[in-house]
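Chemist: So here's upload_22.pdb, just PDB, C-alpha atoms, pLDDT in the B column:
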```pdb
ATOM      1  CA  MET A   1       0.000   0.000   0.000  1.00 38.00           C
ATOM      2  CA  ASN A   2       1.224   3.490  -0.796  1.00 47.00           C
ATOM      3  CA  PRO A   3       2.076   5.038   2.612  1.00 47.00           C
ATOM      4  CA  ASP A   4       0.725   8.408   1.466  1.00 49.00           C
ATOM      5  CA  HIS A   5      -2.696   6.788   1.010  1.00 48.00           C
ATOM      6  CA  VAL A   6      -2.730   6.139   4.756  1.00 56.00           C
ATOM      7  CA  TRP A   7      -2.151   9.814   5.475  1.00 60.00           C
ATOM      8  CA  GLY A   8      -4.644  11.185   2.951  1.00 70.00           C
ATOM      9  CA  ARG A   9      -4.125  14.130   0.634  1.00 88.00           C
ATOM     10  CA  LEU A  10      -1.237  16.471   1.401  1.00 97.00           C
ATOM     11  CA  TRP A  11      -1.422  20.040   0.111  1.00 98.00           C
ATOM     12  CA  ALA A  12       0.640  23.117   0.881  1.00 98.00           C
ATOM     13  CA  VAL A  13      -0.548  26.632   1.683  1.00 98.00           C
ATOM     14  CA  VAL A  14       1.892  29.375   0.641  1.00 98.00           C
ATOM     15  CA  PRO A  15       1.010  32.825   2.066  1.00 97.00           C
ATOM     16  CA  ALA A  16       2.191  35.439  -0.433  1.00 96.00           C
ATOM     17  CA  ALA A  17      -0.066  38.400   0.332  1.00 91.00           C
ATOM     18  CA  GLY A  18       2.541  40.491   2.150  1.00 78.00           C
ATOM     19  CA  ILE A  19       4.373  43.442   0.633  1.00 67.00           C
ATOM     20  CA  GLY A  20       7.683  43.054   2.484  1.00 56.00           C
ATOM     21  CA  ARG A  21       8.197  46.566   3.823  1.00 55.00           C
ATOM     22  CA  ARG A  22      11.604  45.716   5.281  1.00 56.00           C
ATOM     23  CA  PHE A  23      12.822  44.483   1.911  1.00 56.00           C
ATOM     24  CA  GLY A  24      11.877  47.597  -0.057  1.00 53.00           C
ATOM     25  CA  GLY A  25      11.976  47.781  -3.848  1.00 63.00           C
ATOM     26  CA  ASP A  26       9.355  48.181  -6.544  1.00 71.00           C
ATOM     27  CA  VAL A  27       7.884  44.664  -6.297  1.00 78.00           C
ATOM     28  CA  ALA A  28       6.840  42.487  -3.376  1.00 86.00           C
ATOM     29  CA  LYS A  29       9.812  40.457  -2.156  1.00 90.00           C
ATOM     30  CA  GLN A  30       8.285  37.113  -3.163  1.00 94.00           C
ATOM     31  CA  TYR A  31       8.646  38.220  -6.796  1.00 95.00           C
ATOM     32  CA  THR A  32      12.287  39.260  -6.458  1.00 94.00           C
ATOM     33  CA  GLU A  33      14.392  37.093  -8.741  1.00 94.00           C
ATOM     34  CA  LEU A  34      16.904  34.491  -7.644  1.00 95.00           C
ATOM     35  CA  ASP A  35      18.690  32.537 -10.380  1.00 94.00           C
ATOM     36  CA  GLY A  36      16.294  33.946 -12.970  1.00 94.00           C
ATOM     37  CA  GLN A  37      13.067  33.016 -11.170  1.00 96.00           C
ATOM     38  CA  PRO A  38      10.952  34.740  -8.505  1.00 97.00           C
ATOM     39  CA  LEU A  39      11.411  33.518  -4.947  1.00 97.00           C
ATOM     40  CA  VAL A  40       7.873  32.137  -4.847  1.00 98.00           C
ATOM     41  CA  ALA A  41       8.654  29.930  -7.855  1.00 98.00           C
ATOM     42  CA  HIS A  42      11.582  28.348  -6.018  1.00 98.00           C
ATOM     43  CA  ALA A  43       9.399  27.798  -2.924  1.00 98.00           C
ATOM     44  CA  LEU A  44       6.644  26.133  -4.954  1.00 98.00           C
ATOM     45  CA  GLN A  45       9.046  23.986  -6.972  1.00 98.00           C
ATOM     46  CA  ALA A  46      10.679  22.692  -3.783  1.00 98.00           C
ATOM     47  CA  LEU A  47       7.314  21.754  -2.289  1.00 98.00           C
ATOM     48  CA  LEU A  48       5.788  20.225  -5.399  1.00 98.00           C
ATOM     49  CA  ALA A  49       8.905  18.244  -6.303  1.00 97.00           C
ATOM     50  CA  HIS A  50       8.224  16.052  -3.284  1.00 97.00           C
ATOM     51  CA  PRO A  51       6.253  12.919  -4.199  1.00 97.00           C
ATOM     52  CA  SER A  52       4.004  13.223  -1.120  1.00 97.00           C
ATOM     53  CA  VAL A  53       2.773  16.735  -1.934  1.00 98.00           C
ATOM     54  CA  ASP A  54      -0.321  16.778  -4.139  1.00 98.00           C
ATOM     55  CA  GLY A  55      -0.763  20.497  -4.808  1.00 98.00           C
ATOM     56  CA  ALA A  56      -0.510  24.015  -3.438  1.00 98.00           C
ATOM     57  CA  VAL A  57      -2.706  27.030  -2.712  1.00 98.00           C
ATOM     58  CA  VAL A  58      -0.934  30.389  -3.030  1.00 98.00           C
ATOM     59  CA  VAL A  59      -2.550  33.203  -1.054  1.00 98.00           C
ATOM     60  CA  LEU A  60      -2.297  36.535  -2.881  1.00 97.00           C
ATOM     61  CA  ALA A  61      -3.020  40.170  -2.116  1.00 94.00           C
ATOM     62  CA  ALA A  62      -6.196  41.516  -3.703  1.00 94.00           C
ATOM     63  CA  ASP A  63      -4.227  43.978  -5.830  1.00 93.00           C
ATOM     64  CA  ASP A  64      -1.434  41.587  -6.828  1.00 94.00           C
ATOM     65  CA  ALA A  65      -0.521  42.330 -10.439  1.00 93.00           C
ATOM     66  CA  SER A  66       2.718  40.313 -10.401  1.00 94.00           C
ATOM     67  CA  TRP A  67       1.377  36.767 -10.029  1.00 97.00           C
ATOM     68  CA  PRO A  68       2.346  34.923 -13.239  1.00 95.00           C
ATOM     69  CA  GLY A  69      -0.886  32.934 -13.336  1.00 97.00           C
ATOM     70  CA  TRP A  70       0.587  29.463 -12.840  1.00 97.00           C
ATOM     71  CA  THR A  71      -2.010  26.716 -12.530  1.00 98.00           C
ATOM     72  CA  GLU A  72       0.434  23.807 -12.543  1.00 98.00           C
ATOM     73  CA  ILE A  73       4.031  23.201 -11.450  1.00 97.00           C
ATOM     74  CA  SER A  74       5.829  19.860 -11.738  1.00 95.00           C
ATOM     75  CA  GLY A  75       2.602  18.387 -13.083  1.00 97.00           C
ATOM     76  CA  LYS A  76       0.699  19.255  -9.905  1.00 98.00           C
ATOM     77  CA  PRO A  77      -2.132  21.782  -9.432  1.00 98.00           C
ATOM     78  CA  VAL A  78      -1.506  25.302  -8.168  1.00 98.00           C
ATOM     79  CA  ALA A  79      -4.573  27.222  -6.988  1.00 98.00           C
ATOM     80  CA  THR A  80      -4.847  30.778  -5.671  1.00 98.00           C
ATOM     81  CA  CYS A  81      -7.055  32.742  -3.317  1.00 98.00           C
ATOM     82  CA  ILE A  82      -7.102  36.224  -1.808  1.00 98.00           C
ATOM     83  CA  GLY A  83      -5.573  36.718   1.627  1.00 96.00           C
ATOM     84  CA  GLY A  84      -6.055  39.206   4.426  1.00 93.00           C
ATOM     85  CA  ALA A  85      -4.175  41.908   6.288  1.00 90.00           C
ATOM     86  CA  SER A  86      -2.322  39.488   8.565  1.00 92.00           C
ATOM     87  CA  ARG A  87      -0.515  36.194   8.151  1.00 93.00           C
ATOM     88  CA  ALA A  88      -3.190  34.386  10.173  1.00 94.00           C
ATOM     89  CA  GLU A  89      -5.973  35.722   7.946  1.00 95.00           C
ATOM     90  CA  SER A  90      -4.064  34.726   4.824  1.00 97.00           C
ATOM     91  CA  VAL A  91      -3.310  31.207   6.038  1.00 98.00           C
ATOM     92  CA  LEU A  92      -6.952  30.801   7.071  1.00 98.00           C
ATOM     93  CA  ALA A  93      -8.019  31.844   3.583  1.00 98.00           C
ATOM     94  CA  GLY A  94      -5.613  29.316   2.101  1.00 98.00           C
ATOM     95  CA  LEU A  95      -6.924  26.531   4.331  1.00 98.00           C
ATOM     96  CA  ALA A  96     -10.487  27.367   3.319  1.00 98.00           C
ATOM     97  CA  ALA A  97      -9.493  27.291  -0.370  1.00 98.00           C
ATOM     98  CA  LEU A  98      -8.066  23.769  -0.227  1.00 98.00           C
ATOM     99  CA  PRO A  99      -9.970  21.221  -2.321  1.00 97.00           C
ATOM    100  CA  GLU A 100     -12.668  19.152  -0.667  1.00 95.00           C
ATOM    101  CA  SER A 101     -10.491  16.079  -1.093  1.00 95.00           C
ATOM    102  CA  VAL A 102      -8.272  17.439   1.717  1.00 97.00           C
ATOM    103  CA  ARG A 103     -10.124  16.188   4.780  1.00 97.00           C
ATOM    104  CA  ALA A 104     -10.418  17.956   8.133  1.00 97.00           C
ATOM    105  CA  ASP A 105      -7.883  15.607   9.742  1.00 96.00           C
ATOM    106  CA  ASP A 106      -5.428  15.596   6.825  1.00 97.00           C
ATOM    107  CA  PHE A 107      -2.090  17.281   7.350  1.00 98.00           C
ATOM    108  CA  VAL A 108      -1.315  20.541   5.528  1.00 98.00           C
ATOM    109  CA  LEU A 109       2.069  22.201   4.976  1.00 98.00           C
ATOM    110  CA  VAL A 110       2.433  25.973   5.392  1.00 98.00           C
ATOM    111  CA  HIS A 111       5.549  27.431   3.761  1.00 98.00           C
ATOM    112  CA  ASP A 112       6.833  30.984   3.338  1.00 97.00           C
ATOM    113  CA  ALA A 113       6.758  32.302  -0.241  1.00 97.00           C
ATOM    114  CA  ALA A 114      10.097  34.050   0.348  1.00 96.00           C
ATOM    115  CA  ARG A 115      11.883  30.949   1.655  1.00 97.00           C
ATOM    116  CA  PRO A 116      13.285  29.517  -1.601  1.00 97.00           C
ATOM    117  CA  ASN A 117      15.996  27.154  -0.371  1.00 97.00           C
ATOM    118  CA  LEU A 118      13.982  24.276   1.092  1.00 98.00           C
ATOM    119  CA  GLN A 119      15.769  20.954   0.597  1.00 97.00           C
ATOM    120  CA  GLN A 120      14.053  17.625  -0.015  1.00 98.00           C
ATOM    121  CA  ASP A 121      15.797  15.835   2.856  1.00 98.00           C
ATOM    122  CA  ASP A 122      14.412  18.409   5.300  1.00 98.00           C
ATOM    123  CA  LEU A 123      10.921  17.919   3.880  1.00 98.00           C
ATOM    124  CA  ASP A 124      11.373  14.154   4.152  1.00 98.00           C
ATOM    125  CA  ALA A 125      12.291  14.447   7.842  1.00 98.00           C
ATOM    126  CA  LEU A 126       9.426  16.832   8.600  1.00 98.00           C
ATOM    127  CA  LEU A 127       6.843  14.565   6.992  1.00 98.00           C
ATOM    128  CA  GLU A 128       8.208  11.379   8.538  1.00 97.00           C
ATOM    129  CA  ARG A 129       8.208  12.733  12.091  1.00 98.00           C
ATOM    130  CA  GLY A 130       5.337  15.214  11.880  1.00 98.00           C
ATOM    131  CA  ARG A 131       2.748  12.877  10.400  1.00 97.00           C
ATOM    132  CA  ALA A 132       3.492  10.353  13.153  1.00 96.00           C
ATOM    133  CA  ASP A 133       2.696  12.963  15.824  1.00 96.00           C
ATOM    134  CA  PRO A 134      -0.876  13.788  16.923  1.00 94.00           C
ATOM    135  CA  VAL A 135      -0.184  17.540  16.676  1.00 97.00           C
ATOM    136  CA  GLY A 136       2.384  17.966  13.904  1.00 98.00           C
ATOM    137  CA  ALA A 137       5.822  19.495  13.594  1.00 98.00           C
ATOM    138  CA  ILE A 138       7.875  22.392  12.303  1.00 98.00           C
ATOM    139  CA  LEU A 139      11.306  22.693  10.765  1.00 98.00           C
ATOM    140  CA  ALA A 140      13.584  24.629  13.097  1.00 98.00           C
ATOM    141  CA  ALA A 141      17.243  25.320  13.806  1.00 97.00           C
ATOM    142  CA  PRO A 142      18.928  25.479  17.226  1.00 96.00           C
ATOM    143  CA  VAL A 143      20.138  28.938  18.246  1.00 96.00           C
ATOM    144  CA  ARG A 144      23.938  28.901  18.099  1.00 94.00           C
ATOM    145  CA  ASP A 145      24.794  32.573  18.676  1.00 94.00           C
ATOM    146  CA  THR A 146      25.152  34.195  22.082  1.00 96.00           C
ATOM    147  CA  LEU A 147      21.981  36.163  22.864  1.00 96.00           C
ATOM    148  CA  LYS A 148      21.992  39.590  24.506  1.00 96.00           C
ATOM    149  CA  ARG A 149      19.059  41.357  26.173  1.00 96.00           C
ATOM    150  CA  ALA A 150      19.002  45.067  25.300  1.00 97.00           C
ATOM    151  CA  GLY A 151      17.969  47.935  27.533  1.00 96.00           C
ATOM    152  CA  ASP A 152      15.937  50.930  26.386  1.00 96.00           C
ATOM    153  CA  ASP A 153      19.139  52.928  25.892  1.00 96.00           C
ATOM    154  CA  GLY A 154      20.688  50.324  23.609  1.00 95.00           C
ATOM    155  CA  GLY A 155      23.043  49.000  26.260  1.00 98.00           C
ATOM    156  CA  ILE A 156      23.273  45.332  27.181  1.00 98.00           C
ATOM    157  CA  ASP A 157      21.195  44.363  30.197  1.00 97.00           C
ATOM    158  CA  GLY A 158      22.297  40.749  30.227  1.00 97.00           C
ATOM    159  CA  THR A 159      23.108  37.551  28.370  1.00 97.00           C
ATOM    160  CA  GLU A 160      20.302  35.086  27.752  1.00 93.00           C
ATOM    161  CA  PRO A 161      20.837  31.326  27.938  1.00 92.00           C
ATOM    162  CA  ARG A 162      20.485  29.803  24.473  1.00 92.00           C
ATOM    163  CA  GLU A 163      19.993  26.202  25.534  1.00 91.00           C
ATOM    164  CA  ARG A 164      16.632  24.866  24.332  1.00 91.00           C
ATOM    165  CA  LEU A 165      16.088  27.890  22.057  1.00 96.00           C
ATOM    166  CA  TRP A 166      15.322  27.245  18.386  1.00 97.00           C
ATOM    167  CA  ARG A 167      14.626  29.429  15.340  1.00 97.00           C
ATOM    168  CA  ALA A 168      11.326  28.539  13.711  1.00 98.00           C
ATOM    169  CA  LEU A 169      11.528  27.784   9.984  1.00 98.00           C
ATOM    170  CA  THR A 170       8.999  26.563   7.454  1.00 98.00           C
ATOM    171  CA  PRO A 171       7.347  24.404   6.275  1.00 98.00           C
ATOM    172  CA  GLN A 172       5.178  23.766   9.306  1.00 98.00           C
ATOM    173  CA  LEU A 173       2.888  20.739   9.311  1.00 98.00           C
ATOM    174  CA  PHE A 174      -0.502  20.575  11.032  1.00 98.00           C
ATOM    175  CA  ARG A 175      -3.933  19.055  10.506  1.00 98.00           C
ATOM    176  CA  ARG A 176      -6.291  21.216   8.468  1.00 98.00           C
ATOM    177  CA  LEU A 177      -9.139  21.636  10.965  1.00 98.00           C
ATOM    178  CA  GLN A 178      -6.948  21.841  14.053  1.00 98.00           C
ATOM    179  CA  LEU A 179      -4.826  24.599  12.515  1.00 98.00           C
ATOM    180  CA  SER A 180      -7.893  26.492  11.273  1.00 98.00           C
ATOM    181  CA  ARG A 181      -9.420  26.510  14.753  1.00 98.00           C
ATOM    182  CA  ALA A 182      -6.148  27.606  16.370  1.00 98.00           C
ATOM    183  CA  LEU A 183      -5.746  30.514  13.944  1.00 98.00           C
ATOM    184  CA  GLU A 184      -9.380  31.549  14.359  1.00 97.00           C
ATOM    185  CA  ALA A 185      -8.959  31.569  18.149  1.00 97.00           C
ATOM    186  CA  ALA A 186      -5.853  33.740  17.969  1.00 96.00           C
ATOM    187  CA  PHE A 187      -7.598  36.153  15.606  1.00 92.00           C
ATOM    188  CA  ALA A 188     -10.664  36.348  17.879  1.00 93.00           C
ATOM    189  CA  ASP A 189      -8.404  37.122  20.848  1.00 95.00           C
ATOM    190  CA  GLY A 190      -6.617  39.894  18.959  1.00 94.00           C
ATOM    191  CA  ILE A 191      -3.291  38.027  19.020  1.00 95.00           C
ATOM    192  CA  GLU A 192      -1.053  38.462  15.991  1.00 95.00           C
ATOM    193  CA  VAL A 193       0.681  35.118  15.564  1.00 96.00           C
ATOM    194  CA  THR A 194       4.000  35.180  13.729  1.00 95.00           C
ATOM    195  CA  ASP A 195       3.860  31.532  12.710  1.00 97.00           C
ATOM    196  CA  GLU A 196       1.364  28.700  12.718  1.00 98.00           C
ATOM    197  CA  SER A 197       3.036  26.898  15.610  1.00 98.00           C
ATOM    198  CA  MET A 198       2.378  29.901  17.864  1.00 98.00           C
ATOM    199  CA  ALA A 199      -1.353  29.533  17.221  1.00 98.00           C
ATOM    200  CA  MET A 200      -1.193  25.821  18.050  1.00 98.00           C
ATOM    201  CA  GLU A 201       0.837  26.466  21.208  1.00 98.00           C
ATOM    202  CA  ARG A 202      -1.846  28.868  22.420  1.00 98.00           C
ATOM    203  CA  GLN A 203      -4.231  25.900  22.397  1.00 98.00           C
ATOM    204  CA  GLY A 204      -1.982  24.018  24.795  1.00 98.00           C
ATOM    205  CA  LEU A 205      -0.517  21.849  22.033  1.00 98.00           C
ATOM    206  CA  ARG A 206       3.165  20.945  21.671  1.00 98.00           C
ATOM    207  CA  PRO A 207       4.342  20.532  18.064  1.00 98.00           C
ATOM    208  CA  LEU A 208       7.583  18.674  17.440  1.00 98.00           C
ATOM    209  CA  LEU A 209      10.797  20.463  16.514  1.00 98.00           C
ATOM    210  CA  VAL A 210      12.486  18.839  13.526  1.00 98.00           C
ATOM    211  CA  GLU A 211      15.994  20.140  12.919  1.00 98.00           C
ATOM    212  CA  GLY A 212      16.393  21.668   9.477  1.00 98.00           C
ATOM    213  CA  ARG A 213      19.241  23.148   7.507  1.00 97.00           C
ATOM    214  CA  GLU A 214      20.598  26.558   8.426  1.00 95.00           C
ATOM    215  CA  ASP A 215      20.445  27.681   4.787  1.00 96.00           C
ATOM    216  CA  ASN A 216      16.630  27.395   4.671  1.00 97.00           C
ATOM    217  CA  LEU A 217      16.627  31.179   4.782  1.00 96.00           C
ATOM    218  CA  LYS A 218      13.684  33.552   4.608  1.00 95.00           C
ATOM    219  CA  VAL A 219      14.392  36.616   2.492  1.00 94.00           C
ATOM    220  CA  THR A 220      13.473  39.612   4.625  1.00 90.00           C
ATOM    221  CA  THR A 221      16.170  42.137   3.653  1.00 89.00           C
ATOM    222  CA  PRO A 222      18.400  42.647   0.581  1.00 91.00           C
ATOM    223  CA  ALA A 223      21.269  41.210   2.635  1.00 93.00           C
ATOM    224  CA  ASP A 224      19.368  37.912   2.943  1.00 93.00           C
ATOM    225  CA  LEU A 225      19.014  37.758  -0.823  1.00 93.00           C
ATOM    226  CA  ALA A 226      22.718  38.490  -1.299  1.00 94.00           C
ATOM    227  CA  LEU A 227      23.579  35.668   1.094  1.00 94.00           C
ATOM    228  CA  LEU A 228      21.342  33.215  -0.737  1.00 94.00           C
ATOM    229  CA  ARG A 229      22.896  34.171  -4.072  1.00 92.00           C
ATOM    230  CA  ALA A 230      26.335  33.538  -2.606  1.00 94.00           C
ATOM    231  CA  LEU A 231      25.284  30.172  -1.180  1.00 90.00           C
ATOM    232  CA  ARG A 232      23.868  29.071  -4.527  1.00 87.00           C
ATOM    233  CA  ALA A 233      26.783  30.342  -6.625  1.00 82.00           C
TER
END
```
Kindly present the structure from the file in structure tokens form.
Modeler:
Amino acid sequence: MNPDHVWGRLWAVVPAAGIGRRFGGDVAKQYTELDGQPLVAHALQALLAHPSVDGAVVVLAADDASWPGWTEISGKPVATCIGGASRAESVLAGLAALPESVRADDFVLVHDAARPNLQQDDLDALLERGRADPVGAILAAPVRDTLKRAGDDGGIDGTEPRERLWRALTPQLFRRLQLSRALEAAFADGIEVTDESMAMERQGLRPLLVEGREDNLKVTTPADLALLRALRA
């Protein structure tokens, strides 16, 4: 039996409705080119190249004039929907736009549109461990730098212990209905969640941390893009 049949349909939601104020420029950062293709193309290709991933929903801004209109990548369907003002609203819109074949208890991947360097071995590890967990899992990287706590005047107030601290990456893997309810609860409480795991944690749930590669970078500033170009040279 195909093991993916046991797990049901697996789709990805890719929020791409943000404008990337910190990045600047004339186009939203997800359309900035890397190796001749927009960042969102790299993100989608990495997801859809995996044999377990059936398709993707890309969540766009209402006034997005840059979306190339893809309906298929790597022979798999790509759908779109309109997002909201926050990440939570956009991910909720993407979850609602998934096909009916994705059941309430099926797992869904959420991946940043501006995170183009996802590797297949990381996705393998996330799916293997996350789908065996009742809650799900996220890719993450242990904090390796020394952390300083700053005072209001810019001086150092202290050094923070880094043991047990991780940087959250994407994709993040959760069940469709469970994630939808967690995001709706955060939105109703006026809490702006910065990733999907935060919404799940607020429900008293404990997603797994799956160690991923350090070069699974999210492009937030031009320096991030320069680093990625150097890594891929």
Chemist: Restricting the calculation to all atoms listed in the file, which member of A:Val135, A:Val53, A:Val14, A:Ala140 is positioned closest to Val102 of chain A?
Modeler: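 For Val102 of chain A, the nearest of the given residues is A:Val53.
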Chemist: Output, as AutoDock Vina command-line options, the centre and edge lengths in Å (one decimal) of the axis-aligned box that contains all listed atoms of segment 145-161 of chain A with 5 Å of margin on each side.
Modeler:
```
--center_x 20.5 --center_y 42.1 --center_z 24.5 --size_x 19.2 --size_y 31.6 --size_z 21.6
```
Chemist: Let me make sure I understand: among A:Lys76, A:Ala125, A:Arg202, A:Pro116, which one has the smallest atom-to-atom distance to Asp35 of chain A if we use all atoms listed in the file?
Modeler: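 Among the listed residues, A:Pro116 lies closest to Asp35 of chain A.
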Chemist: Expand the PyMOL selection byres ((chain A and resi 213) around 9) into the explicit residue set it covers here, and present it as a list of chain:residue names.
Modeler: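 Matching residues under the PyMOL selection byres ((chain A and resi 213) around 9) are A:Leu118, A:Gln119, A:Asp122, A:Leu139, A:Ala140, A:Ala141, A:Glu211, A:Gly212, A:Glu214, A:Asp215, A:Asn216, A:Leu217.
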Chemist: Expanded to explicit residues, what is the PyMOL selection byres ((chain A and resi 73) around 10) for this file, as a ChimeraX atom specification?
Modeler: /A:41,44-45,47-49,55-56,70-72,74-78
Chemist: A:Ala88, A:Asp133, A:Ala96, A:Gly154: which is nearest Ala199 of chain A, counting all atoms listed in the file?
Modeler: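 With all atoms listed in the file as the atom set, the closest residue is A:Ala88.
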Chemist: Got a sec to check which residues sit within 6 Å of (12.8, 31.9, 6.1), counting only C-alpha atoms, and write them as a ChimeraX atom specification?
Modeler: /A:115,169,217-218
Chemist: With the file shown as input, list the residues that the PyMOL selection byres ((chain A and resi 90-92) around 12) selects, as a count of residues only.
Modeler: 53
Chemist: Please return, as a list in words, all polymer residues that have at least one atom within 12 Å of the point (20.8, 38.5, -2.2); use all atoms listed in the file and the file's own coordinate frame.
Modeler: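 I get Phe23, Lys29, Thr32, Glu33, Leu34, Asp35, Leu39, Ala114, Pro116, Leu217, Lys218, Val219, Thr220, Thr221, Pro222, Ala223, Asp224, Leu225, Ala226, Leu227, Leu228, Arg229, Ala230, Leu231, Arg232 and Ala233 of chain A for the residues within 12 Å of that point.
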Chemist: Keeping C-alpha atoms for every residue in the selection just given, could you write it to a file as a compact mmCIF listing (two decimals), in the coordinates of the input?
Modeler:
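Contents of the output file out_22.txt:
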```txt
# COMPACT_ATOMS: atom_id res chain seq x y z
CA PHE A 23 12.82 44.48 1.91
CA LYS A 29 9.81 40.46 -2.16
CA THR A 32 12.29 39.26 -6.46
CA GLU A 33 14.39 37.09 -8.74
CA LEU A 34 16.90 34.49 -7.64
CA ASP A 35 18.69 32.54 -10.38
CA LEU A 39 11.41 33.52 -4.95
CA ALA A 114 10.10 34.05 0.35
CA PRO A 116 13.28 29.52 -1.60
CA LEU A 217 16.63 31.18 4.78
CA LYS A 218 13.68 33.55 4.61
CA VAL A 219 14.39 36.62 2.49
CA THR A 220 13.47 39.61 4.62
CA THR A 221 16.17 42.14 3.65
CA PRO A 222 18.40 42.65 0.58
CA ALA A 223 21.27 41.21 2.64
CA ASP A 224 19.37 37.91 2.94
CA LEU A 225 19.01 37.76 -0.82
CA ALA A 226 22.72 38.49 -1.30
CA LEU A 227 23.58 35.67 1.09
CA LEU A 228 21.34 33.22 -0.74
CA ARG A 229 22.90 34.17 -4.07
CA ALA A 230 26.34 33.54 -2.61
CA LEU A 231 25.28 30.17 -1.18
CA ARG A 232 23.87 29.07 -4.53
CA ALA A 233 26.78 30.34 -6.62
```
Chemist: Please compute the atom CA of Ala150 of chain A-atom CA of Arg162 of chain A distance, one decimal, in Å.
Modeler: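 Taking atom CA of Ala150 of chain A and atom CA of Arg162 of chain A, their separation equals 15.4 Å.
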Chemist: Which residue, A:Val40, A:Leu208, A:Ile156, A:Val143, has the smallest gap to Leu173 of chain A when you use all atoms listed in the file?
Modeler: A:Leu208
Chemist: Could you state the separation of atom CA of Glu201 of chain A and atom CA of Phe107 of chain A in Å, given to one decimal place?
Modeler: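 So the answer is 16.9 Å.
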Chemist: Check the smallest atom-to-atom distance from each of A:Leu209, A:Val27, A:Ala188, A:Leu10 to Gly136 of chain A using only C-alpha atoms, then report the winner.
Modeler: A:Leu209
Chemist: So what do you get for atom CA of Ala46 of chain A versus atom CA of Leu127 of chain A, distance-wise?
Modeler: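 Straight-line distance from atom CA of Ala46 of chain A to atom CA of Leu127 of chain A works out to 14.0 Å.
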Chemist: Could you tell me which of A:Ala137, A:Leu165, A:Ala79, A:Leu123 comes closest to Ser197 of chain A if we count all atoms listed in the file?
Modeler: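 Of A:Ala137, A:Leu165, A:Ala79, A:Leu123, the one nearest Ser197 of chain A is A:Ala137, counting all atoms listed in the file.
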